[in-house]
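A.B. asks: Can you keep this structure in mind? I'll have questions shortly.
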Amino acid sequence: MLMVRDRVAPKDRATDHGIRVVENRCAHRGVRFCQNLQGNARSFVCPYHQWTYKLNGDLAGLPFRDGVKEGDCVNGGMPEGFELKDHGLTKLRVAVLHGLVFATFSEDTEALQDYLGPQAMPWLDRIFKGQNTAEQGARKLTLLGYNRQRIPGNWKLMMENIKDPYHPGLLHTWFVTFGLWRADQKSRMVMDDKGRHAVMISRRNEGGQAAVTEGVTSFKANMTLHDDRLLDVVPEAWWKVPDPSKPGSDIMPTVTMITLFPSLIIQQQVNSLSTRHIVPRGPGEFDFVWTHFGFSDDTPDMTRRRLRQANLFGPAGFVSADDGEVIELSQGGFRQAGEGGSTLCELGGTGTEMTEHMVTETLIRSMYAYWRKVMAV
């Protein structure tokens, strides 16, 4: 496993950004002491032996530290020289970017801005910039809800899926039929210089028949909606970005899919905004956690629009349900092939250049080239 995700992030006013991250694992016997996904607490108490920790991870106390006194004798207790300060929870390095909290167990990991790199940062700024400042145009995030599901597949299969612009116009009936993602759309694939992070950028087509739908079995020419508000797209001012191919011109992407190695996806799909977090549960299973959000200055109509369009995603989403199923099928194929199995899209990590079209798997190969390097495979 690359990372341990079972941890809590309590607030601690002693830090500049107000956030600490500690490992959800008791220093005494390794018990995962916190079972709540969210909430408030004044301290953390392990249920096994009631070791108690401060919110910053320091050990505050434990029962019978000095043993049990019987007459003139003391039985048990911690050994001589035991110090509370030496037995706190594992504390992670924390960095906060526009309200997003990142943490690492490693003291050697580069600073967050350097890790994300100049290729991905503008696309993160586009959505999130202004969360912690009073700058002009700042927008505060508002939480709209969560989805979570457990998918029977290796975690890397989901990162493959989100880095794969080739499949949406083939697998997803919704995308290809209603023009939300097709192979002929104006698009651009962006990678950082190490191939670990990527951004897929595209603009929506109108629905209906097109050359790229001929022979595509997922295209349903006669499909109609009982509620066409699912396609009620309203352009937003913050979508606008400079067109790199035409200096002085702008483009309005309707889709941006940001994949940050190893386990975070940030997506704009027309008016819906979400993060997706991959939480590995072993080599053949992972949890997929969706957080849907909007902005504090959204009108009630825009909030309803974001929630309505978010129905394309999540465990039962009209699009995402396809991904969960095909990942399970992929895992079955790898299990069948055994340790010697490989796939064509990897090509040994070759062919990793950026492209201006969707019929490509360069983002996947770049990710695996980087993964092999850090895993010394």
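Residue names in the structure tokens use chain letters A, B, ... in the order shown, residue numbers from 1 in each chain, and ligand numbers from 1 in the order shown.
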Report as JSON lines: every residue of range 228-286 of chain A with an atom at most 10 Å from range 172-184 of chain A, its closest pair of atoms, and their distance in Å to one decimal, counting only C-alpha atoms, with rows sorted by chain and ascending residue number.
C.D. replies:
```
{"residue": "A:Leu231", "atom": "CA", "partner": "A:Phe178", "partner_atom": "CA", "distance": 8.3}
{"residue": "A:Thr254", "atom": "CA", "partner": "A:Leu180", "partner_atom": "CA", "distance": 8.5}
{"residue": "A:Val255", "atom": "CA", "partner": "A:Trp181", "partner_atom": "CA", "distance": 8.3}
{"residue": "A:Gln269", "atom": "CA", "partner": "A:Leu180", "partner_atom": "CA", "distance": 8.4}
{"residue": "A:Val270", "atom": "CA", "partner": "A:Leu180", "partner_atom": "CA", "distance": 8.4}
```
A.B. asks: List every residue of range 84-323 of chain A that DSSP, applied to the backbone of this structure, assigns to strand (DSSP E or B), and report them as an MDAnalysis selection string.
C.D. replies: chainID A and resid 91 93:97 100:104 141:151 187:191 198:202 241:242 250:251 255:260 264:269 272:280 286:295
A.B. asks: Among range 35-268 of chain A, which ones does DSSP place in helix (DSSP H, G or I), written as number ranges by chain?
C.D. replies: A: 84-86, 112-128, 155-162, 168-171, 173-178, 211-213, 228-231, 237-239
A.B. asks: Near Asp301 in chain A, counting only C-alpha atoms, which residues have an atom at most 12 Å away, once you skip same-chain residues fewer than 6 positions from it, shown as a ChimeraX atom specification?
C.D. replies: /A:229,232-234,271,294,307-308
A.B. asks: What's the 7 Å shell around range 26-41 of chain A, counting only C-alpha atoms, without same-chain residues fewer than 5 positions away, as a PyMOL selection string?
C.D. replies: chain A and resi 46-47+87-89
A.B. asks: Please provide as a PyMOL selection string all residues within 10 Å of Val319 in chain A, with the sequence filter that same-chain residues fewer than 3 positions apart are discarded (counting only C-alpha atoms).
C.D. replies: chain A and resi 168+171-175+311-316+322-324
A.B. asks: Put those residues in a file: C-alpha atoms, as a PDB file, in the first residue's frame.
C.D. replies:
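To be explicit, this is the file written out as result.pdb:
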```pdb
ATOM      1  CA  PRO A 168     -16.245   7.957 -21.859  1.00  0.00           C
ATOM      2  CA  LEU A 171     -18.766   3.105 -22.289  1.00  0.00           C
ATOM      3  CA  HIS A 172     -21.175   5.763 -21.055  1.00  0.00           C
ATOM      4  CA  THR A 173     -24.557   5.987 -22.768  1.00  0.00           C
ATOM      5  CA  TRP A 174     -25.241   9.271 -21.023  1.00  0.00           C
ATOM      6  CA  PHE A 175     -22.079  10.957 -22.232  1.00  0.00           C
ATOM      7  CA  ASN A 311     -26.959  12.560 -10.117  1.00  0.00           C
ATOM      8  CA  LEU A 312     -24.689  11.577 -13.010  1.00  0.00           C
ATOM      9  CA  PHE A 313     -22.088  10.617 -10.415  1.00  0.00           C
ATOM     10  CA  GLY A 314     -21.772   8.652  -7.187  1.00  0.00           C
ATOM     11  CA  PRO A 315     -22.556   4.952  -6.560  1.00  0.00           C
ATOM     12  CA  ALA A 316     -25.868   4.981  -8.440  1.00  0.00           C
ATOM     13  CA  ASP A 322     -20.766   2.064 -15.399  1.00  0.00           C
ATOM     14  CA  ASP A 323     -17.276   2.748 -14.044  1.00  0.00           C
ATOM     15  CA  GLY A 324     -17.801   0.728 -10.872  1.00  0.00           C
TER      16      GLY A 324
END
```
A.B. asks: In terms of the shortest atom-to-atom distance over only C-alpha atoms, which of A:Val279, A:Leu230, A:Ala369, A:Met200 is closest to Ile266 in chain A?
C.D. replies: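 Closest candidate: A:Met200.
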A.B. asks: What's the separation between CA of Asp125 in chain A and CA of Leu97 in chain A, in Å to one decimal place?
C.D. replies: 9.1 Å
A.B. asks: Which residues come within 7 Å of Tyr370 in chain A, counting only C-alpha atoms, excluding same-chain residues fewer than 6 positions away, as an MDAnalysis selection string?
C.D. replies: chainID A and resid 194:196
A.B. asks: Could those selected residues go to a file with N, CA and C atoms, as a CSV table (one decimal), in the first residue's frame?
C.D. replies:
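again-v3.csv written:
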```
chain,number,residue,atom,x,y,z
A,194,LYS,N,6.4,15.0,-14.2
A,194,LYS,CA,6.8,13.6,-13.8
A,194,LYS,C,5.7,12.6,-14.2
A,195,GLY,N,4.6,13.1,-14.8
A,195,GLY,CA,3.6,12.2,-15.3
A,195,GLY,C,2.7,11.6,-14.2
A,196,ARG,N,2.8,12.2,-13.0
A,196,ARG,CA,1.9,11.6,-11.9
A,196,ARG,C,0.6,12.3,-11.8
```
A.B. asks: From the options A:Ile201, A:Leu170, A:Leu55, A:Ile258, which residue's atoms come nearest to Thr217 in chain A, counting only C-alpha atoms?
C.D. replies: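 Closest to Thr217 in chain A of all the choices is A:Leu170.
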A.B. asks: Between A:Lys69, A:Arg335, A:Lys156, A:His98, which one has atoms that come closest to Leu141 in chain A, using only C-alpha atoms?
C.D. replies: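 Counting only C-alpha atoms, the residue closest to Leu141 in chain A is A:His98.
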A.B. asks: From the list A:Gly145, A:Pro122, A:Gly81, A:Gly18, which residue is nearest Thr275 in chain A when using only C-alpha atoms?
C.D. replies: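 Among A:Gly145, A:Pro122, A:Gly81, A:Gly18, it is A:Gly145 that comes nearest to Thr275 in chain A.
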